[in-house]
Amino acid sequence: MKITLITSAASLDEVRRIKEESLALGHEFKLIDFSSFKFFKKGHEFSFSPEIPDSDLVIIRGLFSTMKSLESLKDYLGYRRAKIFDNNLFAQKYSMNKSYDILKLILHKIPVPDTFSTREYKDLYRLGDKLGFPLVMKSSRAGKGGKVWLVKDNSEFVNFINKFDRENYPAKNILVQGFIDYKYDLRILVIGEKMYCMRRIPRAGDFRANFSLGGSVELFPLTPELKKLAKDAMDAIGLEVAGVDVLIDKDNKNYILEVNHTPGMVGMEKATGENITKIYLNYAIKNAR
């Protein structure tokens with residue numbers, strides 16, 4: 001089988017692992033880095049780069065800002081001759097935005113931290129004392145723990161807002177959440193009907209427990225309550241494959257922190273000792289449409 005992986009995050013370990021497992025299963029593999037996408041038209045001449053080869057299976061993941069460009073090319077490239085696994089990317093018209101996902105979770109009555117999102121900076125300036133401190137500020141368009149800040153008081157909060165405002169960073173891309181004093185930070189990886197759970201332990205001096213940021217991981221038991229919570233969150237967002245991040249506070253209350261559309265697999269492989277990438281790849285092959 002000819003497998004092509006299209007991504008705008010070609011340097012991630014998950015991309016390397018998908019290539020390794022594709023080749024180990026005897027498939028041909030091509031990687032297309034779509035972050036450098038460009039096209040040219042003059043008269044009747046039209047060309048685009050990078051070129052996408054004929055494929056039996058196209059896996060699309062981690063496109064983020066280039067998703068709309070690829071969607072525009074989908075029919076032109078004749079993808080209907082190949083099966084595609086995109087984790088419902090085009091069906092949802094999805095562009096990476098945690099604010100929209102949190103809103104979906106809230107509307108489905110799934111427990112999340114206290115959250116505020118706005119398109120107006122004037123709303124942010126008067127927000128701090130209303131949510132209470134400490135609180136967490138994050139970019140709604142960043143992943144893997146990037147652009148996340150713990151804010152201890154209103155003075156620090158205002159300094160952050162002033163900085164973003166001066167840099168003309170859109171207010172709609174700032175997500176503000178109450179800080180959960182958690183006992184456990186969990187990642188539940190869901191691949192179809194299969195679920196895996198690991199505890200994420202932050203490195204010294206960091207409140208973020210992401211494996212990609214140097215945190216350590218260990219296997220964590222999946223209770224029926226956690227399984228249902230993860231499944232409900234997946235259904236609310238509309239995904240087949242996802243990383244569901246759960247915080248358990250000191251009173252054993254569960255909160256969904258976010259649902260990751262393009263979850264990493266290397267950390268879960270370390271925690272479980274299983275070949276998670278192979279399981280993901282076989283799922284993509286079986287469920288491509």
# chains A, B, ... in the order shown; residues from 1 in each chain; ligands from 1
>>> residues_around(residues="Gly243 in chain A", least_positions_apart="4", cutoff="7 Å", atoms="only C-alpha atoms", output="PyMOL selection string")
chain A and resi 187-190+259-261+263
>>> residues_around(residues="Ile248 in chain A", least_positions_apart="4", cutoff="9 Å", atoms="only C-alpha atoms", output="PyMOL selection string")
chain A and resi 180-186+252-255
>>> write_last_selection(atoms="N, CA, C and O atoms", output="PDB file, in the first residue's frame")
ATOM      1  N   ILE A 180      -6.689  24.826  38.463  1.00  0.00           N
ATOM      2  CA  ILE A 180      -7.125  23.654  39.214  1.00  0.00           C
ATOM      3  C   ILE A 180      -5.934  23.121  40.004  1.00  0.00           C
ATOM      4  O   ILE A 180      -4.915  22.732  39.418  1.00  0.00           O
ATOM      5  N   ASP A 181      -6.045  23.133  41.322  1.00  0.00           N
ATOM      6  CA  ASP A 181      -4.984  22.577  42.169  1.00  0.00           C
ATOM      7  C   ASP A 181      -5.117  21.054  42.108  1.00  0.00           C
ATOM      8  O   ASP A 181      -5.787  20.437  42.933  1.00  0.00           O
ATOM      9  N   TYR A 182      -4.464  20.478  41.120  1.00  0.00           N
ATOM     10  CA  TYR A 182      -4.745  19.081  40.808  1.00  0.00           C
ATOM     11  C   TYR A 182      -3.885  18.102  41.607  1.00  0.00           C
ATOM     12  O   TYR A 182      -2.757  18.399  42.003  1.00  0.00           O
ATOM     13  N   LYS A 183      -4.473  16.929  41.796  1.00  0.00           N
ATOM     14  CA  LYS A 183      -3.762  15.793  42.385  1.00  0.00           C
ATOM     15  C   LYS A 183      -3.139  14.948  41.283  1.00  0.00           C
ATOM     16  O   LYS A 183      -2.029  14.452  41.428  1.00  0.00           O
ATOM     17  N   TYR A 184      -3.892  14.796  40.183  1.00  0.00           N
ATOM     18  CA  TYR A 184      -3.405  14.027  39.044  1.00  0.00           C
ATOM     19  C   TYR A 184      -3.690  14.776  37.751  1.00  0.00           C
ATOM     20  O   TYR A 184      -4.772  15.334  37.565  1.00  0.00           O
ATOM     21  N   ASP A 185      -2.708  14.780  36.868  1.00  0.00           N
ATOM     22  CA  ASP A 185      -2.868  15.278  35.510  1.00  0.00           C
ATOM     23  C   ASP A 185      -2.791  14.063  34.599  1.00  0.00           C
ATOM     24  O   ASP A 185      -1.754  13.390  34.531  1.00  0.00           O
ATOM     25  N   LEU A 186      -3.880  13.755  33.893  1.00  0.00           N
ATOM     26  CA  LEU A 186      -3.963  12.541  33.101  1.00  0.00           C
ATOM     27  C   LEU A 186      -4.118  12.847  31.615  1.00  0.00           C
ATOM     28  O   LEU A 186      -4.729  13.843  31.242  1.00  0.00           O
ATOM     29  N   ASN A 252     -11.009  14.942  44.457  1.00  0.00           N
ATOM     30  CA  ASN A 252     -11.297  13.847  43.519  1.00  0.00           C
ATOM     31  C   ASN A 252     -12.376  14.199  42.488  1.00  0.00           C
ATOM     32  O   ASN A 252     -13.034  13.312  41.960  1.00  0.00           O
ATOM     33  N   LYS A 253     -12.525  15.475  42.198  1.00  0.00           N
ATOM     34  CA  LYS A 253     -13.433  15.897  41.133  1.00  0.00           C
ATOM     35  C   LYS A 253     -12.665  15.943  39.817  1.00  0.00           C
ATOM     36  O   LYS A 253     -11.523  16.416  39.762  1.00  0.00           O
ATOM     37  N   ASN A 254     -13.306  15.453  38.758  1.00  0.00           N
ATOM     38  CA  ASN A 254     -12.664  15.399  37.441  1.00  0.00           C
ATOM     39  C   ASN A 254     -13.030  16.612  36.591  1.00  0.00           C
ATOM     40  O   ASN A 254     -14.192  17.039  36.572  1.00  0.00           O
ATOM     41  N   TYR A 255     -12.039  17.142  35.879  1.00  0.00           N
ATOM     42  CA  TYR A 255     -12.251  18.240  34.939  1.00  0.00           C
ATOM     43  C   TYR A 255     -11.589  17.886  33.606  1.00  0.00           C
ATOM     44  O   TYR A 255     -10.451  17.400  33.581  1.00  0.00           O
TER      45      TYR A 255
END
>>> select_by_dssp(residues="range 115-267 of chain A", states="helix (DSSP H, G or I)", output="PyMOL selection string")
chain A and resi 121-125+128-131+154-166+171-173+211-213+224-237+266-267
>>> closest_residue(among="A:Leu5, A:Ala233, A:Val176, A:Ala24", to="Lys278 in chain A", atoms="only C-alpha atoms")
A:Ala24
>>> residues_around(residues="Phe34 in chain A", least_positions_apart="4", cutoff="7 Å", atoms="only C-alpha atoms", output="VMD selection string")
chain A and resid 6 to 8 50
